[in-house]
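**Student:** Got structure-v6.txt for you, compact mmCIF, C-alpha atoms:
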# COMPACT_ATOMS: atom_id res chain seq x y z
CA MET A 18 22.63 9.71 31.18
CA ALA A 19 22.18 13.48 30.89
CA LYS A 20 24.04 15.05 27.98
CA ASP A 21 24.87 18.58 26.93
CA ILE A 22 22.97 19.02 23.66
CA LYS A 23 25.41 21.72 22.55
CA LYS A 24 28.25 19.22 22.68
CA ASP A 25 29.47 17.95 19.29
CA PRO A 26 28.02 14.44 18.79
CA ALA A 27 31.40 13.27 17.48
CA ASP A 28 32.94 14.05 20.90
CA TYR A 29 30.73 11.59 22.78
CA SER A 30 32.30 8.38 24.00
CA VAL A 31 31.32 5.07 22.39
CA GLU A 32 29.35 4.23 25.52
CA GLU A 33 27.38 7.49 25.29
CA LYS A 34 26.72 6.94 21.58
CA LEU A 35 25.46 3.42 22.18
CA GLN A 36 23.27 4.55 25.05
CA ALA A 37 21.78 7.36 22.91
CA LEU A 38 21.12 4.92 20.08
CA TYR A 39 19.40 2.46 22.41
CA GLN A 40 17.23 5.24 23.88
CA LEU A 41 16.31 6.30 20.35
CA GLN A 42 15.51 2.70 19.44
CA THR A 43 13.22 2.43 22.49
CA MET A 44 11.30 5.55 21.44
CA LEU A 45 11.00 4.44 17.82
CA SER A 46 9.78 1.01 18.94
CA GLU A 47 7.05 2.72 20.97
CA ILE A 48 6.02 4.68 17.86
CA ASP A 49 5.98 1.39 15.91
CA LYS A 50 3.65 -0.09 18.55
CA ILE A 51 1.27 2.84 18.08
CA LYS A 52 1.31 2.26 14.31
CA THR A 53 0.63 -1.44 14.91
CA LEU A 54 -2.32 -0.47 17.09
CA ARG A 55 -3.80 1.32 14.09
CA GLY A 56 -3.32 -1.92 12.17
CA GLU A 57 -4.28 -2.00 8.52
CA LEU A 58 -6.79 0.85 8.85
CA PRO A 59 -4.65 3.51 7.10
CA LEU A 60 -4.08 1.15 4.16
CA GLU A 61 -7.76 0.20 4.06
CA VAL A 62 -8.74 3.88 4.01
CA GLN A 63 -6.26 4.55 1.20
CA ASP A 64 -7.52 1.55 -0.79
CA LEU A 65 -11.14 2.69 -0.42
CA GLU A 66 -10.25 6.23 -1.49
CA ASP A 67 -8.44 4.86 -4.56
CA GLU A 68 -11.39 2.58 -5.34
CA LEU A 69 -13.83 5.50 -5.07
CA ALA A 70 -11.66 7.61 -7.36
CA GLY A 71 -11.64 4.75 -9.89
CA LEU A 72 -15.44 4.37 -9.68
CA GLU A 73 -15.98 8.09 -10.16
CA THR A 74 -13.70 8.04 -13.22
CA ARG A 75 -15.63 5.06 -14.59
CA ILE A 76 -18.97 6.79 -13.97
CA GLU A 77 -17.78 9.91 -15.76
CA LYS A 78 -16.54 7.84 -18.71
CA ASN A 79 -19.86 5.96 -18.90
CA ARG A 80 -21.71 9.26 -18.83
CA ASN A 81 -19.65 10.54 -21.76
CA ASP A 82 -20.11 7.22 -23.63
CA ILE A 83 -23.91 7.45 -23.22
CA ILE A 84 -23.85 11.02 -24.60
CA GLU A 85 -21.77 9.90 -27.61
CA LEU A 86 -24.06 6.91 -28.25
CA GLY A 87 -27.05 9.27 -28.09
CA LYS A 88 -25.41 11.48 -30.71
CA GLY A 89 -24.80 8.39 -32.87
CA ILE A 90 -28.47 7.37 -32.62
CA ALA A 91 -29.60 10.89 -33.53
CA GLU A 92 -27.23 11.02 -36.54
CA ASN A 93 -28.49 7.67 -37.83
CA ASN A 94 -32.12 8.69 -37.35
CA SER A 95 -31.40 11.83 -39.35
CA LYS A 96 -29.72 9.72 -42.04
CA ILE A 97 -32.76 7.41 -42.21
CA SER A 98 -35.04 10.41 -42.72
CA GLU A 99 -32.81 11.74 -45.50
CA CYS A 100 -32.62 8.34 -47.22
CA ARG A 101 -36.37 7.84 -47.05
CA ALA A 102 -36.91 11.26 -48.57
CA MET A 103 -34.51 10.35 -51.39
CA VAL A 104 -36.25 6.99 -51.94
CA GLU A 105 -39.58 8.82 -52.24
CA LYS A 106 -38.06 11.31 -54.68
CA TYR A 107 -36.46 8.59 -56.86
CA THR A 108 -39.73 6.60 -56.88
CA GLU A 109 -41.59 9.63 -58.18
CA GLN A 110 -38.92 10.19 -60.85
CA GLN A 111 -39.36 6.62 -62.08
CA ASP A 112 -42.85 7.58 -63.27
CA ASN A 113 -41.36 10.16 -65.65
CA VAL A 114 -38.36 8.27 -67.11
CA ARG A 115 -37.86 8.14 -70.86
CA ASN A 116 -36.14 4.74 -71.12
CA ASN A 117 -35.24 1.61 -69.23
CA ARG A 118 -31.68 2.76 -68.56
CA GLU A 119 -32.89 5.76 -66.53
CA PHE A 120 -35.40 3.50 -64.72
CA ASP A 121 -32.64 0.99 -63.79
CA ALA A 122 -30.35 3.80 -62.61
CA LEU A 123 -33.05 5.19 -60.32
CA ASN A 124 -33.84 1.68 -59.11
CA LYS A 125 -30.20 1.16 -58.12
CA GLU A 126 -30.24 4.46 -56.22
CA ILE A 127 -33.40 3.35 -54.40
CA GLU A 128 -31.78 0.00 -53.50
CA PHE A 129 -28.64 1.75 -52.28
CA LYS A 130 -30.66 4.16 -50.10
CA ASN A 131 -32.66 1.24 -48.67
CA LEU A 132 -29.38 -0.49 -47.77
CA GLU A 133 -28.21 2.70 -46.07
CA ILE A 134 -31.48 2.76 -44.11
CA GLU A 135 -30.97 -0.86 -43.03
CA LEU A 136 -27.40 -0.12 -41.96
CA ALA A 137 -28.50 2.95 -40.02
CA GLU A 138 -31.26 0.97 -38.30
CA LYS A 139 -28.75 -1.76 -37.39
CA ARG A 140 -26.43 0.84 -35.88
CA ILE A 141 -29.32 2.37 -33.94
CA ARG A 142 -30.14 -1.06 -32.48
CA GLU A 143 -26.47 -1.58 -31.55
CA TYR A 144 -26.14 1.88 -30.03
CA THR A 145 -29.41 1.44 -28.12
CA ALA A 146 -28.24 -1.92 -26.70
CA LYS A 147 -24.90 -0.40 -25.68
CA THR A 148 -26.68 2.57 -24.12
CA ASN A 149 -28.86 0.24 -22.04
CA GLU A 150 -25.75 -1.70 -20.92
CA LYS A 151 -23.99 1.54 -19.98
CA ARG A 152 -27.01 2.79 -18.06
CA GLU A 153 -27.28 -0.49 -16.15
CA GLU A 154 -23.54 -0.36 -15.39
CA GLN A 155 -23.96 3.26 -14.34
CA GLN A 156 -26.68 2.33 -11.86
CA ASN A 157 -24.54 -0.48 -10.43
CA ASN A 158 -21.52 1.83 -10.12
CA GLU A 159 -23.58 4.54 -8.45
CA ALA A 160 -24.97 2.02 -5.94
CA LEU A 161 -21.46 0.65 -5.33
CA ILE A 162 -20.01 4.13 -4.86
CA GLU A 163 -22.60 4.90 -2.19
CA GLU A 164 -21.78 1.64 -0.43
CA LYS A 165 -18.02 2.39 -0.57
CA LYS A 166 -18.57 5.93 0.70
CA GLN A 167 -20.39 4.60 3.75
CA GLU A 168 -17.64 2.03 4.34
CA LEU A 169 -15.00 4.74 3.98
CA GLU A 170 -16.75 6.96 6.53
CA ILE A 171 -16.80 4.10 9.04
CA LYS A 172 -13.10 3.31 8.48
CA LYS A 173 -12.15 6.98 8.71
CA SER A 174 -14.11 7.33 11.93
CA GLU A 175 -12.36 4.29 13.44
CA LEU A 176 -8.95 5.56 12.33
CA HIS A 177 -9.65 9.07 13.63
CA GLU A 178 -10.66 7.66 17.00
CA ILE A 179 -7.47 5.60 17.30
CA VAL A 180 -5.28 8.48 16.07
CA GLU A 181 -6.83 10.88 18.60
CA GLU A 182 -6.23 8.38 21.41
CA THR A 183 -2.54 8.01 20.54
CA ARG A 184 -1.77 11.39 18.92
CA GLN A 185 -0.40 13.16 22.00
CA GLU A 186 1.75 10.21 23.00
CA GLU A 187 3.11 9.83 19.45
CA GLU A 188 3.86 13.57 19.16
CA LYS A 189 5.79 13.53 22.45
CA LEU A 190 7.78 10.49 21.36
CA ARG A 191 8.57 12.07 17.98
CA GLU A 192 9.72 15.32 19.61
CA LYS A 193 11.95 13.42 22.05
CA SER A 194 13.37 11.22 19.28
CA LYS A 195 14.18 14.27 17.12
CA ALA A 196 15.92 15.97 20.06
CA LEU A 197 17.86 12.78 20.75
CA GLU A 198 18.91 12.45 17.11
CA LEU A 199 20.74 15.79 17.45
CA THR A 200 23.04 14.15 20.02
CA ILE A 201 24.01 11.33 17.65
CA GLU A 202 26.73 11.59 15.03
CA PRO A 203 25.03 11.95 11.59
CA ARG A 204 26.96 9.10 9.98
CA LEU A 205 26.17 6.75 12.87
CA LEU A 206 22.53 7.85 12.86
CA GLN A 207 22.27 7.21 9.13
CA SER A 208 23.77 3.73 9.53
CA PHE A 209 21.37 2.98 12.39
CA LYS A 210 18.36 4.06 10.32
CA ARG A 211 19.53 1.98 7.37
CA ILE A 212 19.93 -1.13 9.57
CA ARG A 213 16.54 -0.48 11.15
CA SER A 214 14.81 -0.13 7.76
CA ASN A 215 16.25 -3.49 6.62
CA THR A 216 14.83 -5.43 9.58
CA ARG A 217 11.28 -6.75 9.84
CA ASN A 218 10.87 -5.81 13.51
CA GLY A 219 12.50 -2.37 13.14
CA LEU A 220 15.33 -3.10 15.59
CA GLY A 221 18.60 -1.45 14.61
CA ILE A 222 20.32 -1.97 17.96
CA VAL A 223 19.88 -4.94 20.31
CA TYR A 224 21.44 -6.22 23.52
CA VAL A 225 23.17 -9.54 24.02
CA LYS A 226 20.73 -12.09 25.40
CA ARG A 227 21.88 -15.46 26.68
CA GLU A 228 25.19 -15.07 24.85
CA SER A 229 23.32 -14.54 21.55
CA CYS A 230 22.34 -11.61 19.35
CA GLY A 231 19.01 -10.15 20.53
CA GLY A 232 17.95 -9.69 16.92
CA CYS A 233 18.77 -12.90 15.03
CA PHE A 234 19.56 -15.08 18.11
CA ASN A 235 22.79 -16.41 16.66
CA LYS A 236 25.50 -17.33 19.16
CA ILE A 237 28.17 -14.67 19.82
CA PRO A 238 31.78 -15.81 20.41
CA PRO A 239 33.13 -15.15 23.96
CA GLN A 240 35.80 -12.69 22.75
CA ARG A 241 33.18 -10.67 20.88
CA GLN A 242 30.97 -10.63 23.97
CA LEU A 243 33.90 -9.26 25.94
CA ASP A 244 34.45 -6.53 23.31
CA ILE A 245 30.78 -5.57 23.55
CA ARG A 246 31.00 -5.32 27.36
CA MET A 247 34.14 -3.17 27.08
CA ARG A 248 32.17 -0.49 25.11
CA LYS A 249 35.29 0.71 23.34
CA LYS A 250 33.98 0.40 19.79
CA ILE A 251 30.70 -0.09 17.98
CA ILE A 252 30.20 -3.75 17.14
CA VAL A 253 27.63 -5.20 14.78
CA CYS A 254 26.31 -8.74 14.54
CA GLU A 255 28.18 -10.64 11.84
CA TYR A 256 24.94 -12.44 10.91
CA CYS A 257 22.20 -9.77 10.82
CA GLY A 258 24.21 -6.52 10.88
CA ARG A 259 22.46 -5.06 13.95
CA ILE A 260 24.43 -2.93 16.40
CA MET A 261 24.96 -4.78 19.69
CA ILE A 262 25.28 -3.58 23.28
CA ASP A 263 25.56 -5.34 26.61
CA PRO A 264 22.42 -5.82 28.73
CA GLU A 265 23.72 -3.58 31.54
CA LEU A 266 23.99 -0.58 29.20
CA ALA A 267 20.47 -1.33 27.95
CA GLY A 268 19.22 -1.34 31.55
CA VAL A 269 18.24 -5.01 31.35
CA GLN A 270 18.99 -7.54 34.06
CA GLU A 271 20.12 -10.85 32.64
CA GLU A 272 18.48 -14.00 33.86
CA ALA A 273 20.74 -15.93 36.19
CA LYS A 274 21.98 -19.17 34.71
CA ALA A 275 20.68 -22.29 36.40
CA PRO A 276 23.60 -23.97 38.22
CA GLU A 277 24.69 -27.23 36.68
CA ALA A 278 23.92 -30.27 38.84
CA ALA A 279 27.09 -31.73 40.38
CA PRO A 280 27.77 -35.35 39.40
CA LYS A 281 26.72 -37.83 42.08
CA LYS A 282 29.53 -39.53 43.97
CA ARG A 283 29.57 -43.27 43.65
CA THR A 284 29.45 -45.11 46.94
CA ARG A 285 31.36 -48.30 47.56
CA LYS A 286 28.09 -50.18 47.70
CA SER A 287 26.88 -48.96 44.30
CA ALA A 288 30.33 -49.59 42.74
CA ALA A 289 30.30 -53.15 44.01
CA ALA A 290 26.78 -53.67 42.64
CA THR A 291 27.97 -52.42 39.24
CA GLU A 292 30.92 -54.83 39.22
CA GLU A 293 28.58 -57.77 39.98
So, in terms of structure tokens, how does the structure I just supplied come out?

**Tutor:**
Amino acid sequence: MAKDIKKDPADYSVEEKLQALYQLQTMLSEIDKIKTLRGELPLEVQDLEDELAGLETRIEKNRNDIIELGKGIAENNSKISECRAMVEKYTEQQDNVRNNREFDALNKEIEFKNLEIELAEKRIREYTAKTNEKREEQQNNEALIEEKKQELEIKKSELHEIVEETRQEEEKLREKSKALELTIEPRLLQSFKRIRSNTRNGLGIVYVKRESCGGCFNKIPPQRQLDIRMRKKIIVCEYCGRIMIDPELAGVQEEAKAPEAAPKKRTRKSAAATEE
């Protein structure tokens, strides 16, 4: 049905509103099919990009940790050199002491410096082991990041190919749907979008099919079916909340009901056989 776009959407009849909504639903369903065609690729691309970002952050952190561990090793090496120099100095002083008390004091200093050397050496071993672990992890992360980059390029290429194949069709559908939305009353459009977002199949408006709701397939009472066919007011399914229209307005031809078989007439012969 052709409509004057300049006309106020609130002035459209219920039939025109329902028809516009169903046309919009048809276009949005086509867009949904295009998205389905792309499948999980957009999510896979996003996941890979997030994973790569996480790996790069981890690599940078490892790099900084290795630098800090290197500084720790250098500091402890410097401390060992200082302590050894002090041990040598105190040992020389022991040769010139005047009494046992001074000798014992220097001996304690030498023992303390030797303990400091042992502690520094222990820390160097720990820092060296951690550095080796970090470097090994760094190599693994760098190899993994190259692998993920290649995988991401493949996924992006696949997605780009599919997007290019469907881009023009999707753009046309989006333009038409936006133009059609201007002909629908804002409050009704908002309700339709809310209903659509709450359904798994994205259907906000459905037609009556075999006396049942086309969305949840629950039976519709005869009086309600009549109200839907009258197109005097917007009616929603009392079970799933979807807006309902009659098949004729949706441009769908209902399947003819199979005629019920008439009961067979009993002949006199068969009746007599039953009585026997």

**Student:** For Ala70 (chain A), list every protein, DNA or RNA residue within 12 Å, evaluated using all atoms listed in the file, and leave out those in the same chain fewer than 4 positions away; present the list as a ChimeraX atom specification.

**Tutor:** /A:63-66,74-77,158,162,165-166

**Student:** Given the choices A:Arg241, A:His177, A:Lys151, A:Arg217, which gets closest to Gly87 (chain A) if the distance is worked out from only C-alpha atoms?

**Tutor:**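 Result for the nearest residue to Gly87 (chain A): A:Lys151.
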
**Student:** Leaving out region 130-136 of chain A and any residue of its chain fewer than 2 positions from it, which residues lie within 6 Å of it when counting all atoms listed in the file, given as a short mmCIF file (atom, residue, chain, number, x, y, z; two decimals) with C-alpha atoms, in the coordinates of the input?

**Tutor:**
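around.cif written:
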data_model
loop_
_atom_site.label_atom_id
_atom_site.label_comp_id
_atom_site.auth_asym_id
_atom_site.auth_seq_id
_atom_site.Cartn_x
_atom_site.Cartn_y
_atom_site.Cartn_z
CA ILE A 97 -32.76 7.41 -42.21
CA CYS A 100 -32.62 8.34 -47.22
CA ILE A 127 -33.40 3.35 -54.40
CA GLU A 128 -31.78 0.00 -53.50
CA GLU A 138 -31.26 0.97 -38.30
CA LYS A 139 -28.75 -1.76 -37.39
#

**Student:** What does the structure give for the distance between CA of Asn113 (chain A) and CA of Arg101 (chain A), in Å to one decimal?

**Tutor:** 19.4 Å

**Student:** Could you give me, as a ChimeraX atom specification, the residues within 9 Å of Cys257 (chain A), counting all atoms listed in the file and dropping anything in the same chain fewer than 5 positions from it?

**Tutor:** /A:216,230,232-233,235
